[in-house]
$ cat query_18.cif   # mmCIF, C-alpha atoms and all ligand atoms
data_run
#
loop_
_atom_site.label_atom_id
_atom_site.label_comp_id
_atom_site.auth_asym_id
_atom_site.auth_seq_id
_atom_site.Cartn_x
_atom_site.Cartn_y
_atom_site.Cartn_z
CA MET G 284 0.00 0.00 0.00
CA GLU G 285 1.03 3.59 -0.45
CA VAL G 286 1.31 5.70 2.69
CA VAL G 287 1.20 9.46 2.23
CA ILE G 288 2.04 11.68 5.20
CA VAL G 289 0.49 15.14 4.93
CA PRO G 290 0.95 18.13 7.23
CA ASP G 291 -2.64 18.29 8.43
CA ALA G 292 -6.24 17.22 7.83
CA ALA G 293 -6.92 19.99 5.31
CA ALA G 294 -3.98 18.85 3.17
CA GLY G 295 -5.26 15.27 3.33
CA GLY G 296 -8.71 16.46 2.26
CA GLU G 297 -7.27 18.38 -0.69
CA LEU G 298 -5.10 15.46 -1.82
CA ILE G 299 -7.98 12.99 -1.77
CA ALA G 300 -10.42 15.45 -3.37
CA GLU G 301 -7.95 15.85 -6.23
CA ALA G 302 -7.78 12.05 -6.63
CA VAL G 303 -11.58 11.94 -6.76
CA ALA G 304 -11.61 14.78 -9.31
CA ALA G 305 -9.06 12.92 -11.45
CA LEU G 306 -11.22 9.79 -11.28
CA LEU G 307 -14.31 11.75 -12.35
CA ARG G 308 -12.41 13.23 -15.30
CA ARG G 309 -11.60 9.67 -16.43
CA THR G 310 -14.93 8.15 -15.41
CA PRO G 311 -17.66 10.79 -15.11
CA ASP G 312 -20.24 8.35 -13.70
CA ALA G 313 -17.84 6.81 -11.15
CA LEU G 314 -19.38 5.28 -8.03
CA LEU G 315 -17.75 6.87 -4.98
CA GLY G 316 -17.97 5.02 -1.69
CA VAL G 317 -18.21 7.64 1.02
CA ALA G 318 -17.52 7.33 4.73
CA THR G 319 -19.10 9.12 7.66
CA GLY G 320 -17.52 10.37 10.89
CA SER G 321 -15.46 13.52 11.38
CA THR G 322 -12.35 12.52 9.44
CA PRO G 323 -13.62 12.64 5.82
CA LEU G 324 -15.28 16.06 6.15
CA PRO G 325 -12.24 17.95 4.76
CA VAL G 326 -12.43 15.73 1.66
CA TYR G 327 -16.05 16.68 1.02
CA GLN G 328 -15.32 20.37 1.67
CA ALA G 329 -12.38 20.35 -0.75
CA LEU G 330 -14.43 18.49 -3.36
CA ALA G 331 -17.35 20.92 -3.01
CA ALA G 332 -14.90 23.81 -3.54
CA LYS G 333 -13.70 22.16 -6.76
CA VAL G 334 -17.30 21.79 -7.93
CA ARG G 335 -17.99 25.47 -7.21
CA SER G 336 -14.86 26.57 -9.08
CA GLY G 337 -15.70 24.36 -12.07
CA ALA G 338 -12.56 22.23 -11.63
CA VAL G 339 -14.65 19.06 -11.58
CA ASP G 340 -18.00 18.04 -13.01
CA VAL G 341 -19.98 15.79 -10.68
CA SER G 342 -23.21 15.85 -12.67
CA ARG G 343 -22.95 12.12 -13.45
CA ALA G 344 -21.18 11.02 -10.25
CA ARG G 345 -22.81 8.50 -7.95
CA VAL G 346 -22.20 7.91 -4.23
CA CYS G 347 -22.84 4.99 -1.91
CA GLN G 348 -22.74 4.41 1.81
CA LEU G 349 -20.35 2.20 3.73
CA ASP G 350 -22.56 1.49 6.70
CA GLU G 351 -25.72 2.46 8.55
CA TYR G 352 -27.19 2.30 12.01
CA VAL G 353 -30.02 -0.17 12.57
CA GLY G 354 -33.22 1.04 14.15
CA LEU G 355 -32.96 4.81 13.91
CA PRO G 356 -36.19 6.22 12.52
CA ALA G 357 -36.15 7.29 8.86
CA GLY G 358 -34.88 10.86 8.62
CA HIS G 359 -33.06 10.78 11.99
CA PRO G 360 -30.34 13.44 11.63
CA GLU G 361 -27.59 11.01 12.68
CA SER G 362 -28.60 8.14 10.43
CA TYR G 363 -25.77 7.78 7.96
CA ARG G 364 -28.24 8.29 5.12
CA SER G 365 -29.03 11.73 6.58
CA VAL G 366 -25.33 12.45 7.16
CA VAL G 367 -24.36 11.55 3.60
CA LEU G 368 -27.26 13.55 2.15
CA ARG G 369 -26.23 16.55 4.30
CA GLU G 370 -22.42 16.35 4.02
CA VAL G 371 -21.96 14.98 0.51
CA VAL G 372 -25.03 14.87 -1.74
CA ALA G 373 -26.32 18.40 -0.98
CA PRO G 374 -23.00 20.31 -1.04
CA LEU G 375 -21.92 18.58 -4.26
CA GLY G 376 -25.32 19.22 -5.83
CA LEU G 377 -25.87 15.53 -6.61
CA SER G 378 -29.29 14.12 -7.25
CA PRO G 379 -30.59 11.97 -4.37
CA ASP G 380 -31.21 9.41 -7.15
CA ALA G 381 -27.43 9.13 -7.53
CA PHE G 382 -27.18 7.78 -4.01
CA LEU G 383 -27.18 4.18 -2.74
CA GLY G 384 -27.36 3.04 0.86
CA PRO G 385 -28.57 0.15 2.99
CA ASP G 386 -31.96 0.48 4.67
CA GLY G 387 -31.47 0.39 8.43
CA THR G 388 -35.07 1.27 9.23
CA GLY G 389 -36.92 -1.92 8.24
CA GLU G 390 -37.80 -5.07 10.17
CA ASP G 391 -35.93 -7.45 7.88
CA VAL G 392 -32.28 -6.52 8.35
CA LEU G 393 -31.03 -9.64 6.58
CA ALA G 394 -32.99 -8.73 3.45
CA ALA G 395 -31.65 -5.16 3.64
CA CYS G 396 -28.07 -6.49 3.70
CA GLU G 397 -28.65 -8.77 0.72
CA ALA G 398 -30.42 -5.99 -1.17
CA TYR G 399 -27.48 -3.66 -0.62
CA GLU G 400 -24.91 -6.18 -1.87
CA ALA G 401 -27.08 -6.68 -4.96
CA ALA G 402 -27.46 -2.93 -5.49
CA LEU G 403 -23.69 -2.38 -5.35
CA ALA G 404 -23.12 -5.18 -7.85
CA ALA G 405 -25.86 -3.88 -10.16
CA ALA G 406 -24.24 -0.43 -10.04
CA GLY G 407 -21.01 -1.94 -11.38
CA GLY G 408 -19.06 -1.90 -8.13
CA VAL G 409 -17.36 0.90 -6.24
CA ASP G 410 -14.63 2.80 -8.10
CA LEU G 411 -13.08 4.59 -5.12
CA GLN G 412 -13.95 3.80 -1.52
CA LEU G 413 -13.06 6.41 1.05
CA LEU G 414 -12.47 4.98 4.53
CA GLY G 415 -11.93 6.30 8.02
CA ILE G 416 -10.52 4.09 10.75
CA GLY G 417 -11.79 3.47 14.26
CA THR G 418 -9.51 3.75 17.27
CA ASP G 419 -9.91 -0.04 17.44
CA GLY G 420 -8.87 -0.47 13.79
CA HIS G 421 -12.35 -0.92 12.35
CA ILE G 422 -13.22 0.00 8.77
CA GLY G 423 -16.86 0.61 8.02
CA PHE G 424 -18.35 -0.91 11.14
CA ASN G 425 -16.30 -4.09 10.86
CA GLU G 426 -15.21 -4.35 14.45
CA PRO G 427 -12.15 -6.38 15.54
CA CYS G 428 -12.37 -10.06 14.62
CA SER G 429 -14.71 -9.44 11.73
CA SER G 430 -14.08 -12.00 9.01
CA LEU G 431 -11.69 -10.65 6.42
CA ALA G 432 -13.99 -12.25 3.81
CA SER G 433 -17.21 -10.82 5.25
CA ARG G 434 -20.00 -9.38 3.13
CA THR G 435 -22.64 -6.79 4.04
CA ARG G 436 -24.30 -7.90 7.28
CA ILE G 437 -25.49 -6.82 10.71
CA LYS G 438 -22.84 -6.15 13.35
CA THR G 439 -22.90 -5.25 17.03
CA LEU G 440 -20.83 -2.20 17.93
CA THR G 441 -18.14 -2.42 20.60
CA GLU G 442 -18.57 -0.25 23.67
CA GLN G 443 -15.51 1.74 22.52
CA THR G 444 -17.17 2.62 19.22
CA ARG G 445 -20.40 3.60 20.97
CA VAL G 446 -18.37 5.83 23.33
CA ASP G 447 -16.48 7.31 20.33
CA ASN G 448 -19.74 8.04 18.49
CA ALA G 449 -21.72 9.37 21.47
CA ARG G 450 -20.57 12.87 20.51
CA PHE G 451 -22.92 12.73 17.53
CA PHE G 452 -25.82 11.91 19.89
CA GLY G 453 -25.41 14.77 22.35
CA GLY G 454 -22.86 12.81 24.39
CA ASP G 455 -25.51 10.23 25.34
CA ILE G 456 -24.05 6.74 24.82
CA GLU G 457 -27.48 5.19 25.44
CA ALA G 458 -28.72 6.95 22.29
CA VAL G 459 -26.08 5.24 20.11
CA PRO G 460 -27.61 2.14 18.51
CA HIS G 461 -26.03 -1.22 19.32
CA HIS G 462 -26.49 -2.59 15.83
CA VAL G 463 -25.43 -1.53 12.36
CA ILE G 464 -25.44 -2.73 8.77
CA THR G 465 -21.97 -2.54 7.29
CA GLN G 466 -20.32 -3.48 4.03
CA GLY G 467 -18.16 -6.46 4.93
CA ILE G 468 -14.40 -6.42 4.64
CA GLY G 469 -14.69 -8.62 1.55
CA THR G 470 -17.21 -6.15 0.11
CA ILE G 471 -14.88 -3.22 0.80
CA LEU G 472 -11.97 -5.07 -0.82
CA ASP G 473 -14.02 -5.35 -4.03
CA ALA G 474 -13.72 -1.58 -4.61
CA ARG G 475 -11.21 -0.70 -7.30
CA HIS G 476 -9.29 1.82 -5.15
CA LEU G 477 -9.31 2.12 -1.36
CA VAL G 478 -8.33 5.43 0.24
CA LEU G 479 -8.10 5.50 4.02
CA LEU G 480 -7.74 8.86 5.75
CA ALA G 481 -6.67 9.08 9.41
CA THR G 482 -5.94 12.22 11.35
CA GLY G 483 -4.96 12.91 14.96
CA GLU G 484 -2.89 11.24 17.63
CA GLY G 485 -5.84 9.06 18.68
CA LYS G 486 -5.51 7.08 15.43
CA ALA G 487 -1.71 6.61 15.56
CA GLU G 488 -1.73 3.14 17.10
CA ALA G 489 -4.49 1.84 14.81
CA VAL G 490 -2.63 3.23 11.78
CA ALA G 491 0.67 1.61 12.81
CA ARG G 492 -1.03 -1.76 13.32
CA THR G 493 -2.85 -1.40 9.97
CA VAL G 494 0.22 -0.51 7.93
CA GLU G 495 3.10 -2.25 9.69
CA GLY G 496 1.45 -5.06 11.64
CA PRO G 497 0.41 -8.47 10.34
CA VAL G 498 -2.83 -8.92 8.38
CA ALA G 499 -5.17 -9.98 11.15
CA ALA G 500 -8.90 -9.88 11.83
CA ILE G 501 -8.15 -8.24 15.18
CA VAL G 502 -7.18 -5.15 13.14
CA PRO G 503 -9.81 -5.06 10.38
CA ALA G 504 -8.08 -2.22 8.49
CA SER G 505 -4.99 -4.43 8.06
CA ALA G 506 -7.01 -6.13 5.28
CA LEU G 507 -5.96 -3.19 3.10
CA GLN G 508 -2.61 -4.97 2.79
CA LEU G 509 -4.44 -7.52 0.62
CA HIS G 510 -5.70 -4.91 -1.87
CA PRO G 511 -3.71 -4.14 -5.02
CA HIS G 512 -4.52 -0.41 -4.89
CA ALA G 513 -4.77 0.91 -1.35
CA THR G 514 -3.71 4.37 -0.26
CA VAL G 515 -3.37 5.45 3.37
CA VAL G 516 -3.29 9.22 3.91
CA VAL G 517 -2.27 10.31 7.41
CA ASP G 518 -1.44 13.59 9.07
CA GLU G 519 1.73 13.94 11.14
CA ALA G 520 -0.06 13.01 14.39
CA ALA G 521 -1.66 9.87 12.97
CA ALA G 522 1.71 8.92 11.41
CA SER G 523 3.56 9.26 14.72
CA GLY G 524 3.60 5.50 15.40
CA LEU G 525 4.99 4.49 11.99
CA GLU G 526 8.52 3.06 12.08
CA LEU G 527 8.81 3.42 8.31
CA ALA G 528 7.74 7.08 8.23
CA PRO G 529 11.12 8.21 6.80
CA TYR G 530 10.74 5.69 3.96
CA PHE G 531 7.14 6.77 3.24
CA ARG G 532 8.25 10.42 3.10
CA ALA G 533 11.14 9.59 0.75
CA THR G 534 8.88 7.51 -1.50
CA ARG G 535 6.38 10.33 -1.77
CA ALA G 536 9.09 12.90 -2.52
CA ALA G 537 10.49 10.73 -5.31
CA LYS G 538 7.13 9.81 -6.83
CA PRO G 539 6.91 10.44 -10.59
CA SER G 540 4.68 13.45 -11.25
CA TRP G 541 2.52 11.53 -13.74
CA GLN G 542 1.42 9.06 -11.07
CA GLY G 543 -1.70 9.97 -9.13
CA LEU G 544 -2.73 8.43 -5.85
P1 LIG R 1 -14.06 9.34 12.86
O1 LIG R 1 -14.61 7.86 12.69
O2 LIG R 1 -13.62 9.78 11.51
O3 LIG R 1 -15.22 10.15 13.36
O4 LIG R 1 -12.93 9.28 13.83
C1 LIG R 1 -13.85 6.94 11.97
C2 LIG R 1 -14.50 5.57 12.03
O5 LIG R 1 -15.07 5.19 13.05
O6 LIG R 1 -14.39 4.84 11.03
#
$ encode --input "query_18.cif" --output "structure tokens"
Amino acid sequence: MEVVIVPDAAAGGELIAEAVAALLRRTPDALLGVATGSTPLPVYQALAAKVRSGAVDVSRARVCQLDEYVGLPAGHPESYRSVVLREVVAPLGLSPDAFLGPDGTGEDVLAACEAYEAALAAAGGVDLQLLGIGTDGHIGFNEPCSSLASRTRIKTLTEQTRVDNARFFGGDIEAVPHHVITQGIGTILDARHLVLLATGEGKAEAVARTVEGPVAAIVPASALQLHPHATVVVDEAAASGLELAPYFRATRAAKPSWQGL
């Protein structure tokens, strides 16, 4: 995998937004897998700025969700459908018809998982999947010990993840659902390009285990080592646990200018 160390979150957002713009110039109807949480917001802001300036045309772009809470009422402001509509679809001016996500509101969760796998396949697969990483190494909501071959399914969140996400629910951990639908690790690995963004000291250990540790289900993000085109973008704080940081910096500095992410 390629590891790119950037000065700060804004630089990471700009770098990834440019990679998305380059993809859309090659493939105007690309399917972009988007992630929720705080980390990817600078990517969406940088991409929206490019749309406003005319640097990229997103009129045919499509977006899809990585995961969703189970049991929040339709339209709940913290459902990931609402978050993606608010943070991505609206600022980019995309049609809500260009948006795919699993239904976490229905009774039949199993059917919703199968329907989402089928919808992703019917859409031709994900061209670029943006990922955050949990402090426990999760990607999507694939918590530690998720099967590395897993497909879209229901998962139970760890207490740590519910604590981490309580800030989106007014600090009330009881308001954070226990269950989610998430693309599986195998589903995520089907995307043609994986781009993981991590910022802040709190992610340093998870990043080091992802990049430099063994591939292991205990660190779900380590599955990126199995993907032929995976890019990990980290700010200085999130890179602080990387033994090979000097090598990653040298590699980046020597990278041919014609090569994108
Ligand atoms: P965060 O979440 O970007 O809000 O830290 C990342 C994740 O849980 O995947």
$ residues_near_ligand --input "query_18.cif" --ligand "ligand LIG 1 (chain R)" --cutoff "10 Å" --atoms "all atoms listed in the file" --output "tab-separated table (two decimals) with C-alpha atoms, in the coordinates of the input"
chain	number	residue	atom	x	y	z
G	318	ALA	CA	-17.52	7.33	4.73
G	319	THR	CA	-19.10	9.12	7.66
G	320	GLY	CA	-17.52	10.37	10.89
G	321	SER	CA	-15.46	13.52	11.38
G	322	THR	CA	-12.35	12.52	9.44
G	323	PRO	CA	-13.62	12.64	5.82
G	324	LEU	CA	-15.28	16.06	6.15
G	349	LEU	CA	-20.35	2.20	3.73
G	350	ASP	CA	-22.56	1.49	6.70
G	414	LEU	CA	-12.47	4.98	4.53
G	415	GLY	CA	-11.93	6.30	8.02
G	416	ILE	CA	-10.52	4.09	10.75
G	417	GLY	CA	-11.79	3.47	14.26
G	418	THR	CA	-9.51	3.75	17.27
G	419	ASP	CA	-9.91	-0.04	17.44
G	420	GLY	CA	-8.87	-0.47	13.79
G	421	HIS	CA	-12.35	-0.92	12.35
G	422	ILE	CA	-13.22	0.00	8.77
G	423	GLY	CA	-16.86	0.61	8.02
G	424	PHE	CA	-18.35	-0.91	11.14
G	425	ASN	CA	-16.30	-4.09	10.86
G	426	GLU	CA	-15.21	-4.35	14.45
G	444	THR	CA	-17.17	2.62	19.22
G	445	ARG	CA	-20.40	3.60	20.97
G	447	ASP	CA	-16.48	7.31	20.33
G	448	ASN	CA	-19.74	8.04	18.49
G	450	ARG	CA	-20.57	12.87	20.51
G	451	PHE	CA	-22.92	12.73	17.53
G	479	LEU	CA	-8.10	5.50	4.02
G	480	LEU	CA	-7.74	8.86	5.75
G	481	ALA	CA	-6.67	9.08	9.41
G	482	THR	CA	-5.94	12.22	11.35
G	483	GLY	CA	-4.96	12.91	14.96
G	485	GLY	CA	-5.84	9.06	18.68
G	486	LYS	CA	-5.51	7.08	15.43
G	504	ALA	CA	-8.08	-2.22	8.49
$ closest_residue --input "query_18.cif" --among "G:Ala520, G:Ile468, G:Ala528, G:Ala533" --to "Val502 (chain G)" --atoms "all atoms listed in the file"
G:Ile468
$ atom_distance --input "query_18.cif" --atom1 "CA of Ala401 (chain G)" --atom2 "CA of Leu440 (chain G)"
24.1 Å
$ residues_around --input "query_18.cif" --residues "Gly316 (chain G)" --least-positions-apart "4" --cutoff "9 Å" --atoms "all atoms listed in the file" --output "VMD selection string"
chain G and resid 345 to 349 409 to 414 474
$ atom_distance --input "query_18.cif" --atom1 "CA of Val498 (chain G)" --atom2 "CA of Glu519 (chain G)"
23.5 Å
$ residues_around --input "query_18.cif" --residues "Gly376 (chain G)" --least-positions-apart "5" --cutoff "9 Å" --atoms "only C-alpha atoms" --output "list in words"
Ala331, Val334, Val341, Ser342 and Val371 of chain G
$ residues_around --input "query_18.cif" --residues "region 381-389 of chain G" --least-positions-apart "6" --cutoff "7 Å" --atoms "all atoms listed in the file" --output "list in words"
Arg345, Val346, Cys347, Gln348, Glu351, Tyr352, Val353, Gly354, Leu355, Pro356, Ala357, Arg364, Ala395, Cys396, Tyr399 and Ile464 of chain G
$ atom_distance --input "query_18.cif" --atom1 "CA of Val463 (chain G)" --atom2 "CA of Val392 (chain G)"
9.4 Å
$ axis_aligned_box --input "query_18.cif" --around "region 436-446 of chain G" --padding-each-side "8 Å" --output "lines of an AutoDock Vina configuration file"
center_x = -20.5
center_y = -1.0
center_z = 15.5
size_x = 26.0
size_y = 29.7
size_z = 32.4
$ residues_around --input "query_18.cif" --residues "Pro511 (chain G)" --least-positions-apart "2" --cutoff "9 Å" --atoms "all atoms listed in the file" --output "count of residues only"
7
$ residues_around --input "query_18.cif" --residues "Ala344 (chain G)" --least-positions-apart "3" --cutoff "9 Å" --atoms "only C-alpha atoms" --output "VMD selection string"
chain G and resid 307 310 to 315 340 to 341 377 381
$ decode --input "query_18.cif" --residues "region 517-528 of chain G" --atoms "all heavy atoms" --output "tab-separated table (two decimals), in the first residue's frame"
chain	number	residue	atom	x	y	z
G	517	VAL	N	-2.30	10.02	5.96
G	517	VAL	CA	-2.27	10.31	7.41
G	517	VAL	C	-1.63	11.66	7.66
G	517	VAL	O	-0.68	12.05	6.97
G	517	VAL	CB	-1.46	9.23	8.18
G	517	VAL	CG1	-2.29	7.99	8.38
G	517	VAL	CG2	-0.15	8.88	7.50
G	518	ASP	N	-2.13	12.37	8.68
G	518	ASP	CA	-1.44	13.59	9.07
G	518	ASP	C	-0.28	13.22	9.99
G	518	ASP	O	-0.09	12.04	10.33
G	518	ASP	CB	-2.42	14.60	9.70
G	518	ASP	CG	-2.94	14.18	11.06
G	518	ASP	OD1	-2.63	13.06	11.52
G	518	ASP	OD2	-3.66	14.99	11.69
G	519	GLU	N	0.51	14.22	10.36
G	519	GLU	CA	1.73	13.94	11.14
G	519	GLU	C	1.39	13.21	12.45
G	519	GLU	O	2.10	12.29	12.85
G	519	GLU	CB	2.45	15.26	11.46
G	519	GLU	CG	3.02	15.96	10.24
G	519	GLU	CD	4.27	15.29	9.70
G	519	GLU	OE1	4.84	14.41	10.37
G	519	GLU	OE2	4.66	15.63	8.56
G	520	ALA	N	0.29	13.63	13.10
G	520	ALA	CA	-0.06	13.01	14.39
G	520	ALA	C	-0.44	11.54	14.21
G	520	ALA	O	0.00	10.68	14.98
G	520	ALA	CB	-1.20	13.79	15.04
G	521	ALA	N	-1.24	11.26	13.20
G	521	ALA	CA	-1.66	9.87	12.97
G	521	ALA	C	-0.51	9.00	12.46
G	521	ALA	O	-0.54	7.78	12.57
G	521	ALA	CB	-2.83	9.83	11.99
G	522	ALA	N	0.54	9.66	11.91
G	522	ALA	CA	1.71	8.92	11.41
G	522	ALA	C	2.75	8.69	12.51
G	522	ALA	O	3.76	8.02	12.26
G	522	ALA	CB	2.36	9.71	10.27
G	523	SER	N	2.49	9.21	13.71
G	523	SER	CA	3.56	9.26	14.72
G	523	SER	C	3.99	7.88	15.23
G	523	SER	O	5.06	7.76	15.82
G	523	SER	CB	3.13	10.16	15.89
G	523	SER	OG	1.94	9.66	16.47
G	524	GLY	N	3.20	6.84	14.96
G	524	GLY	CA	3.60	5.50	15.40
G	524	GLY	C	4.25	4.67	14.30
G	524	GLY	O	4.57	3.50	14.51
G	525	LEU	N	4.47	5.26	13.13
G	525	LEU	CA	4.99	4.49	11.99
G	525	LEU	C	6.52	4.42	12.01
G	525	LEU	O	7.19	5.45	11.90
G	525	LEU	CB	4.53	5.12	10.67
G	525	LEU	CG	3.04	5.01	10.34
G	525	LEU	CD1	2.70	5.84	9.09
G	525	LEU	CD2	2.62	3.55	10.16
G	526	GLU	N	7.06	3.23	12.11
G	526	GLU	CA	8.52	3.06	12.08
G	526	GLU	C	9.09	3.45	10.72
G	526	GLU	O	10.20	3.92	10.60
G	526	GLU	CB	8.89	1.59	12.33
G	526	GLU	CG	8.89	1.22	13.79
G	526	GLU	CD	9.23	-0.26	13.97
G	526	GLU	OE1	9.99	-0.81	13.15
G	526	GLU	OE2	8.70	-0.82	14.93
G	527	LEU	N	8.31	3.18	9.67
G	527	LEU	CA	8.81	3.42	8.31
G	527	LEU	C	8.49	4.81	7.79
G	527	LEU	O	8.61	5.05	6.58
G	527	LEU	CB	8.24	2.37	7.36
G	527	LEU	CG	8.76	0.94	7.54
G	527	LEU	CD1	8.09	0.00	6.52
G	527	LEU	CD2	10.26	0.86	7.38
G	528	ALA	N	8.11	5.73	8.68
G	528	ALA	CA	7.74	7.08	8.23
G	528	ALA	C	8.82	7.71	7.34
G	528	ALA	O	8.49	8.30	6.30
G	528	ALA	CB	7.42	7.97	9.42
